[in-house]
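Structure file input-v1.csv with CSV, N, CA and C atoms and all ligand atoms:
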```csv
chain,number,residue,atom,x,y,z
A,149,MET,N,75.5,-30.1,121.6
A,149,MET,CA,75.9,-29.5,122.9
A,149,MET,C,76.9,-28.3,122.6
A,150,ARG,N,76.5,-27.3,123.1
A,150,ARG,CA,77.3,-26.1,122.9
A,150,ARG,C,77.9,-25.6,124.2
A,151,ARG,N,79.2,-25.4,124.1
A,151,ARG,CA,79.8,-24.9,125.3
A,151,ARG,C,80.4,-23.6,125.0
A,152,GLY,N,79.9,-22.6,125.7
A,152,GLY,CA,80.5,-21.3,125.5
A,152,GLY,C,81.8,-21.2,126.3
A,153,GLU,N,82.6,-20.4,125.7
A,153,GLU,CA,83.9,-20.3,126.4
A,153,GLU,C,83.7,-19.5,127.7
A,154,PRO,N,84.3,-20.0,128.7
A,154,PRO,CA,84.2,-19.2,130.0
A,154,PRO,C,84.8,-17.9,129.9
A,155,ARG,N,84.1,-16.9,130.3
A,155,ARG,CA,84.6,-15.6,130.2
A,155,ARG,C,85.1,-15.1,131.6
A,156,PHE,N,86.2,-14.5,131.6
A,156,PHE,CA,86.7,-14.0,132.8
A,156,PHE,C,86.3,-12.6,133.0
A,157,GLN,N,85.1,-12.4,133.6
A,157,GLN,CA,84.6,-11.1,133.7
A,157,GLN,C,85.1,-10.4,135.0
A,158,GLY,N,85.3,-11.2,136.0
A,158,GLY,CA,85.7,-10.5,137.2
A,158,GLY,C,87.1,-10.3,137.2
A,159,LYS,N,87.5,-9.1,137.1
A,159,LYS,CA,88.9,-8.7,137.1
A,159,LYS,C,89.3,-8.6,138.6
A,160,ARG,N,90.4,-9.2,138.9
A,160,ARG,CA,90.8,-9.0,140.3
A,160,ARG,C,91.6,-7.8,140.5
A,161,MET,N,91.0,-6.9,141.3
A,161,MET,CA,91.8,-5.7,141.5
A,161,MET,C,92.7,-6.0,142.7
A,162,GLY,N,93.5,-5.0,143.0
A,162,GLY,CA,94.2,-5.2,144.2
A,162,GLY,C,95.7,-5.4,144.0
A,163,ARG,N,96.0,-6.0,142.9
A,163,ARG,CA,97.4,-6.3,142.6
A,163,ARG,C,97.9,-5.2,141.6
A,164,ARG,N,98.8,-4.5,142.1
A,164,ARG,CA,99.4,-3.5,141.2
A,164,ARG,C,100.6,-4.1,140.6
A,165,ARG,N,100.5,-4.2,139.3
A,165,ARG,CA,101.7,-4.8,138.7
A,165,ARG,C,102.3,-3.7,137.8
A,166,ARG,N,103.5,-3.5,138.0
A,166,ARG,CA,104.2,-2.6,137.2
A,166,ARG,C,104.7,-3.3,136.0
A,167,ARG,N,104.3,-2.9,134.9
A,167,ARG,CA,104.8,-3.6,133.7
A,167,ARG,C,106.0,-2.9,133.3
A,168,VAL,N,107.1,-3.6,133.4
A,168,VAL,CA,108.4,-3.0,132.9
A,168,VAL,C,108.6,-3.6,131.6
A,169,VAL,N,108.3,-2.8,130.6
A,169,VAL,CA,108.6,-3.3,129.3
A,169,VAL,C,110.0,-3.0,128.9
A,170,HIS,N,110.7,-4.0,128.9
A,170,HIS,CA,112.2,-3.9,128.7
A,170,HIS,C,112.5,-4.3,127.3
A,171,VAL,N,112.5,-3.4,126.4
A,171,VAL,CA,112.8,-3.7,125.0
A,171,VAL,C,114.3,-3.7,124.8
A,172,VAL,N,114.9,-4.8,124.7
A,172,VAL,CA,116.3,-4.9,124.4
A,172,VAL,C,116.5,-4.8,122.9
A,173,LYS,N,117.0,-3.7,122.6
A,173,LYS,CA,117.3,-3.6,121.1
A,173,LYS,C,118.6,-4.2,120.8
A,174,LYS,N,118.6,-5.0,119.8
A,174,LYS,CA,119.8,-5.5,119.3
A,174,LYS,C,120.6,-4.5,118.5
A,175,THR,N,121.5,-3.9,119.2
A,175,THR,CA,122.3,-2.9,118.4
A,175,THR,C,123.5,-3.6,117.8
A,176,LEU,N,123.3,-4.0,116.6
A,176,LEU,CA,124.4,-4.6,115.9
A,176,LEU,C,125.3,-3.5,115.4
A,177,PRO,N,126.5,-3.7,115.8
A,177,PRO,CA,127.5,-2.7,115.3
A,177,PRO,C,127.6,-2.7,113.8
A,178,LYS,N,127.6,-1.5,113.3
A,178,LYS,CA,127.6,-1.4,111.8
A,178,LYS,C,129.0,-1.1,111.4
A,179,VAL,N,129.8,-0.7,112.3
A,179,VAL,CA,131.2,-0.4,111.9
A,179,VAL,C,132.1,-1.2,112.8
A,180,PHE,N,133.1,-1.8,112.1
A,180,PHE,CA,134.0,-2.7,112.8
A,180,PHE,C,135.4,-2.2,112.8
A,181,THR,N,136.2,-2.8,113.6
A,181,THR,CA,137.6,-2.4,113.7
A,181,THR,C,138.4,-3.0,112.6
A,182,CYS,N,139.2,-2.3,111.9
A,182,CYS,CA,139.9,-2.8,110.8
A,182,CYS,C,141.2,-3.5,111.3
A,183,PRO,N,141.4,-4.7,110.8
A,183,PRO,CA,142.5,-5.5,111.3
A,183,PRO,C,143.8,-4.9,110.7
A,184,ASN,N,143.7,-4.1,109.7
A,184,ASN,CA,144.9,-3.6,109.1
A,184,ASN,C,145.4,-2.3,109.7
A,185,CYS,N,144.5,-1.4,109.8
A,185,CYS,CA,144.9,-0.1,110.3
A,185,CYS,C,144.4,0.2,111.7
A,186,GLY,N,143.5,-0.6,112.2
A,186,GLY,CA,143.0,-0.4,113.6
A,186,GLY,C,142.0,0.6,113.7
A,187,MET,N,141.6,1.2,112.6
A,187,MET,CA,140.5,2.2,112.7
A,187,MET,C,139.2,1.5,112.7
A,188,VAL,N,138.2,2.1,113.4
A,188,VAL,CA,136.9,1.6,113.4
A,188,VAL,C,136.1,2.2,112.2
A,189,SER,N,136.5,1.7,111.1
A,189,SER,CA,135.9,2.2,109.9
A,189,SER,C,135.6,1.2,108.8
A,190,VAL,N,135.4,0.0,109.3
A,190,VAL,CA,135.1,-1.1,108.4
A,190,VAL,C,133.6,-1.2,108.3
A,191,ARG,N,133.1,-1.2,107.1
A,191,ARG,CA,131.6,-1.2,106.9
A,191,ARG,C,131.3,-2.4,105.9
A,192,LEU,N,130.0,-2.7,106.1
A,192,LEU,CA,129.5,-3.8,105.3
A,192,LEU,C,128.6,-3.2,104.2
A,193,GLN,N,128.7,-3.7,103.0
A,193,GLN,CA,127.8,-3.4,102.0
A,193,GLN,C,127.2,-4.6,101.4
A,194,PRO,N,126.0,-5.0,101.9
A,194,PRO,CA,125.4,-6.2,101.5
A,194,PRO,C,124.9,-6.1,100.0
A,195,LYS,N,125.3,-7.2,99.3
A,195,LYS,CA,124.9,-7.3,97.9
A,195,LYS,C,123.9,-8.5,97.8
A,196,GLU,N,123.7,-9.0,96.7
A,196,GLU,CA,122.8,-10.2,96.5
A,196,GLU,C,123.3,-11.4,97.2
A,197,ASP,N,124.5,-11.9,96.8
A,197,ASP,CA,125.0,-13.1,97.4
A,197,ASP,C,126.2,-12.9,98.2
A,198,THR,N,126.8,-11.7,98.1
A,198,THR,CA,128.0,-11.4,98.8
A,198,THR,C,127.9,-10.1,99.6
A,199,THR,N,128.8,-9.9,100.5
A,199,THR,CA,128.9,-8.7,101.2
A,199,THR,C,130.2,-8.1,101.0
A,200,ILE,N,130.2,-6.9,100.5
A,200,ILE,CA,131.5,-6.2,100.4
A,200,ILE,C,131.8,-5.6,101.7
A,201,ILE,N,132.9,-6.0,102.3
A,201,ILE,CA,133.4,-5.4,103.5
A,201,ILE,C,134.7,-4.7,103.3
A,202,SER,N,134.6,-3.4,103.7
A,202,SER,CA,135.8,-2.6,103.3
A,202,SER,C,136.1,-1.6,104.4
A,203,CYS,N,137.3,-1.2,104.5
A,203,CYS,CA,137.7,-0.2,105.5
A,203,CYS,C,137.7,1.1,104.8
A,204,GLY,N,137.1,2.1,105.4
A,204,GLY,CA,137.0,3.4,104.8
A,204,GLY,C,138.3,4.2,105.1
A,205,SER,N,139.1,3.6,105.9
A,205,SER,CA,140.3,4.4,106.3
A,205,SER,C,141.5,4.0,105.4
A,206,CYS,N,141.8,2.7,105.3
A,206,CYS,CA,143.0,2.2,104.6
A,206,CYS,C,142.6,1.6,103.2
A,207,GLY,N,141.3,1.3,103.1
A,207,GLY,CA,140.9,0.7,101.8
A,207,GLY,C,141.0,-0.8,101.7
A,208,THR,N,141.3,-1.4,102.7
A,208,THR,CA,141.3,-2.9,102.7
A,208,THR,C,139.8,-3.4,102.5
A,209,SER,N,139.7,-4.2,101.5
A,209,SER,CA,138.3,-4.6,101.2
A,209,SER,C,138.3,-6.1,100.8
A,210,GLN,N,137.2,-6.7,101.0
A,210,GLN,CA,137.0,-8.1,100.6
A,210,GLN,C,135.6,-8.4,100.3
A,211,GLU,N,135.4,-9.4,99.5
A,211,GLU,CA,134.0,-9.8,99.2
A,211,GLU,C,133.7,-11.1,99.9
A,212,ILE,N,132.8,-11.2,100.8
A,212,ILE,CA,132.5,-12.4,101.5
A,212,ILE,C,131.2,-12.9,101.1
A,213,PRO,N,131.1,-14.1,100.7
A,213,PRO,CA,129.7,-14.7,100.4
A,213,PRO,C,128.9,-14.8,101.7
A,214,ASN,N,127.8,-14.2,101.6
A,214,ASN,CA,126.9,-14.1,102.8
A,214,ASN,C,125.9,-15.2,102.8
A,215,ALA,N,126.3,-16.4,103.1
A,215,ALA,CA,125.4,-17.6,103.1
A,215,ALA,C,124.7,-17.6,104.5
A,216,GLY,N,123.8,-16.7,104.6
A,216,GLY,CA,123.1,-16.7,105.9
A,216,GLY,C,123.9,-16.2,107.1
A,217,LYS,N,125.0,-15.5,106.7
A,217,LYS,CA,125.9,-15.1,107.8
A,217,LYS,C,125.4,-13.8,108.4
A,218,GLU,N,125.7,-13.7,109.7
A,218,GLU,CA,125.5,-12.4,110.4
A,218,GLU,C,126.6,-11.5,110.0
A,219,PRO,N,126.3,-10.2,110.2
A,219,PRO,CA,127.4,-9.3,109.9
A,219,PRO,C,128.7,-9.5,110.7
A,220,ILE,N,128.5,-10.0,111.9
A,220,ILE,CA,129.7,-10.3,112.7
A,220,ILE,C,130.5,-11.5,112.2
A,221,ASP,N,129.7,-12.4,111.6
A,221,ASP,CA,130.4,-13.6,111.0
A,221,ASP,C,131.2,-13.1,109.8
A,222,ILE,N,130.6,-12.2,109.0
A,222,ILE,CA,131.3,-11.7,107.8
A,222,ILE,C,132.6,-10.9,108.3
A,223,TYR,N,132.4,-10.2,109.3
A,223,TYR,CA,133.6,-9.5,109.8
A,223,TYR,C,134.6,-10.4,110.3
A,224,ASN,N,134.2,-11.5,111.0
A,224,ASN,CA,135.2,-12.5,111.5
A,224,ASN,C,135.9,-13.1,110.3
A,225,GLU,N,135.2,-13.4,109.3
A,225,GLU,CA,135.8,-14.0,108.1
A,225,GLU,C,136.8,-13.0,107.5
A,226,PHE,N,136.4,-11.8,107.5
A,226,PHE,CA,137.2,-10.7,106.9
A,226,PHE,C,138.5,-10.7,107.7
A,227,VAL,N,138.4,-10.7,109.0
A,227,VAL,CA,139.7,-10.7,109.8
A,227,VAL,C,140.5,-12.0,109.6
A,228,ASP,N,139.8,-13.1,109.5
A,228,ASP,CA,140.5,-14.4,109.3
A,228,ASP,C,141.2,-14.4,108.0
A,229,ARG,N,140.5,-13.9,107.0
A,229,ARG,CA,141.2,-13.9,105.7
A,229,ARG,C,142.4,-12.9,105.7
A,230,PHE,N,142.2,-11.8,106.3
A,230,PHE,CA,143.2,-10.8,106.4
A,230,PHE,C,144.4,-11.4,107.1
A,231,ASN,N,144.2,-12.0,108.2
A,231,ASN,CA,145.3,-12.6,109.0
A,231,ASN,C,145.9,-13.7,108.2
A,232,ALA,N,145.1,-14.5,107.5
A,232,ALA,CA,145.7,-15.6,106.7
A,232,ALA,C,146.6,-15.1,105.6
A,233,GLY,N,146.1,-14.0,105.0
A,233,GLY,CA,146.9,-13.5,103.9
A,233,GLY,C,148.2,-12.7,104.5
A,234,GLN,N,148.0,-12.3,105.6
A,234,GLN,CA,149.1,-11.5,106.2
A,234,GLN,C,150.2,-12.3,106.8
A,235,THR,N,149.8,-13.4,107.4
A,235,THR,CA,150.8,-14.3,108.0
A,235,THR,C,151.2,-15.5,107.2
A,236,GLY,N,150.7,-15.5,106.0
A,236,GLY,CA,151.0,-16.6,105.1
A,236,GLY,C,150.3,-17.9,105.4
A,237,GLY,N,149.2,-17.8,106.1
A,237,GLY,CA,148.4,-19.1,106.3
A,237,GLY,C,148.6,-19.6,107.7
A,238,SER,N,149.8,-19.4,108.2
A,238,SER,CA,150.0,-20.0,109.6
A,238,SER,C,149.4,-19.0,110.6
A,239,SER,N,148.9,-19.6,111.7
A,239,SER,CA,148.3,-18.8,112.6
A,239,SER,C,149.2,-18.4,113.8
A,240,THR,N,150.4,-18.5,113.5
A,240,THR,CA,151.4,-18.1,114.6
A,240,THR,C,151.4,-16.6,114.7
A,241,GLU,N,151.4,-16.2,115.9
A,241,GLU,CA,151.4,-14.8,116.1
A,241,GLU,C,152.7,-14.1,115.6
A,242,ALA,N,152.4,-13.0,115.0
A,242,ALA,CA,153.5,-12.3,114.4
A,242,ALA,C,154.1,-11.3,115.3
A,243,ASN,N,154.3,-11.7,116.5
A,243,ASN,CA,154.9,-10.8,117.4
A,243,ASN,C,156.4,-11.2,117.6
A,244,ARG,N,157.1,-10.7,116.7
A,244,ARG,CA,158.5,-11.0,116.7
A,244,ARG,C,159.3,-9.9,117.5
A,245,ILE,N,159.9,-10.4,118.5
A,245,ILE,CA,160.6,-9.4,119.3
A,245,ILE,C,162.1,-9.6,118.9
A,246,GLU,N,162.5,-8.6,118.2
A,246,GLU,CA,163.9,-8.6,117.8
A,246,GLU,C,164.7,-7.8,118.7
A,247,ALA,N,165.5,-8.5,119.5
A,247,ALA,CA,166.3,-7.7,120.4
A,247,ALA,C,167.6,-7.2,119.8
A,301,ZN,ZN,141.8,-0.1,107.6
```
Please re-express this file's structure in structure tokens.
Amino acid sequence: MRRGEPRFQGKRMGRRRRRVVHVVKKTLPKVFTCPNCGMVSVRLQPKEDTTIISCGSCGTSQEIPNAGKEPIDIYNEFVDRFNAGQTGGSSTEANRIEA
């Protein structure tokens, strides 16, 4: 027994469909804000196992292991490490108001 696939030959006219092809491009930011100097000049340089993330403005740089991390994750770790090193490990805000 052979069954041919049913073919849809009769196209139904009458419906106008506007195809709105909305291509949402993921525009990943390639440059991030530096936690040290505040300039948007932090770039990622992907290597084999690590990513060198460095600020082109002040020279702050770190090597983050990129274990399947997204660039934003690497940047977050960069900031985290920077903050950790800057505040001595504690996450207390360094907003000292000395009157
Ligand atoms: Zn910087």
Subject >> Shell of 6.5 Å around ligand ZN 301 (chain A) (only N, CA and C atoms and all ligand atoms), written as a list in words >> reply: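 The distance check yields Cys182, Pro183, Asn184, Cys185, Gly186, Met187, Ser189, Cys203, Gly204, Ser205, Cys206, Gly207 and Thr208 of chain A.
Picture a line from CA of Tyr223 (chain A) to CA of Thr198 (chain A); it runs 12.5 Å.
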**OP:** Just the helix (DSSP H, G or I) stuff from region 162-231 of chain A, please, per backbone DSSP, written as a list in words.
**Re:**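 Output for region 162-231 of chain A, helix (DSSP H, G or I) only: Pro219, Ile220, Asp221, Ile222, Tyr223, Asn224, Glu225, Phe226, Val227, Asp228, Arg229, Phe230 and Asn231 of chain A.
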**OP:** Measuring atom to atom with only C-alpha atoms, identify which of A:Arg166, A:Asp228, A:Phe180, A:Ala215 is nearest to Leu192 (chain A).
**Re:**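 Once distances to Leu192 (chain A) are computed over only C-alpha atoms, the minimum belongs to A:Phe180.
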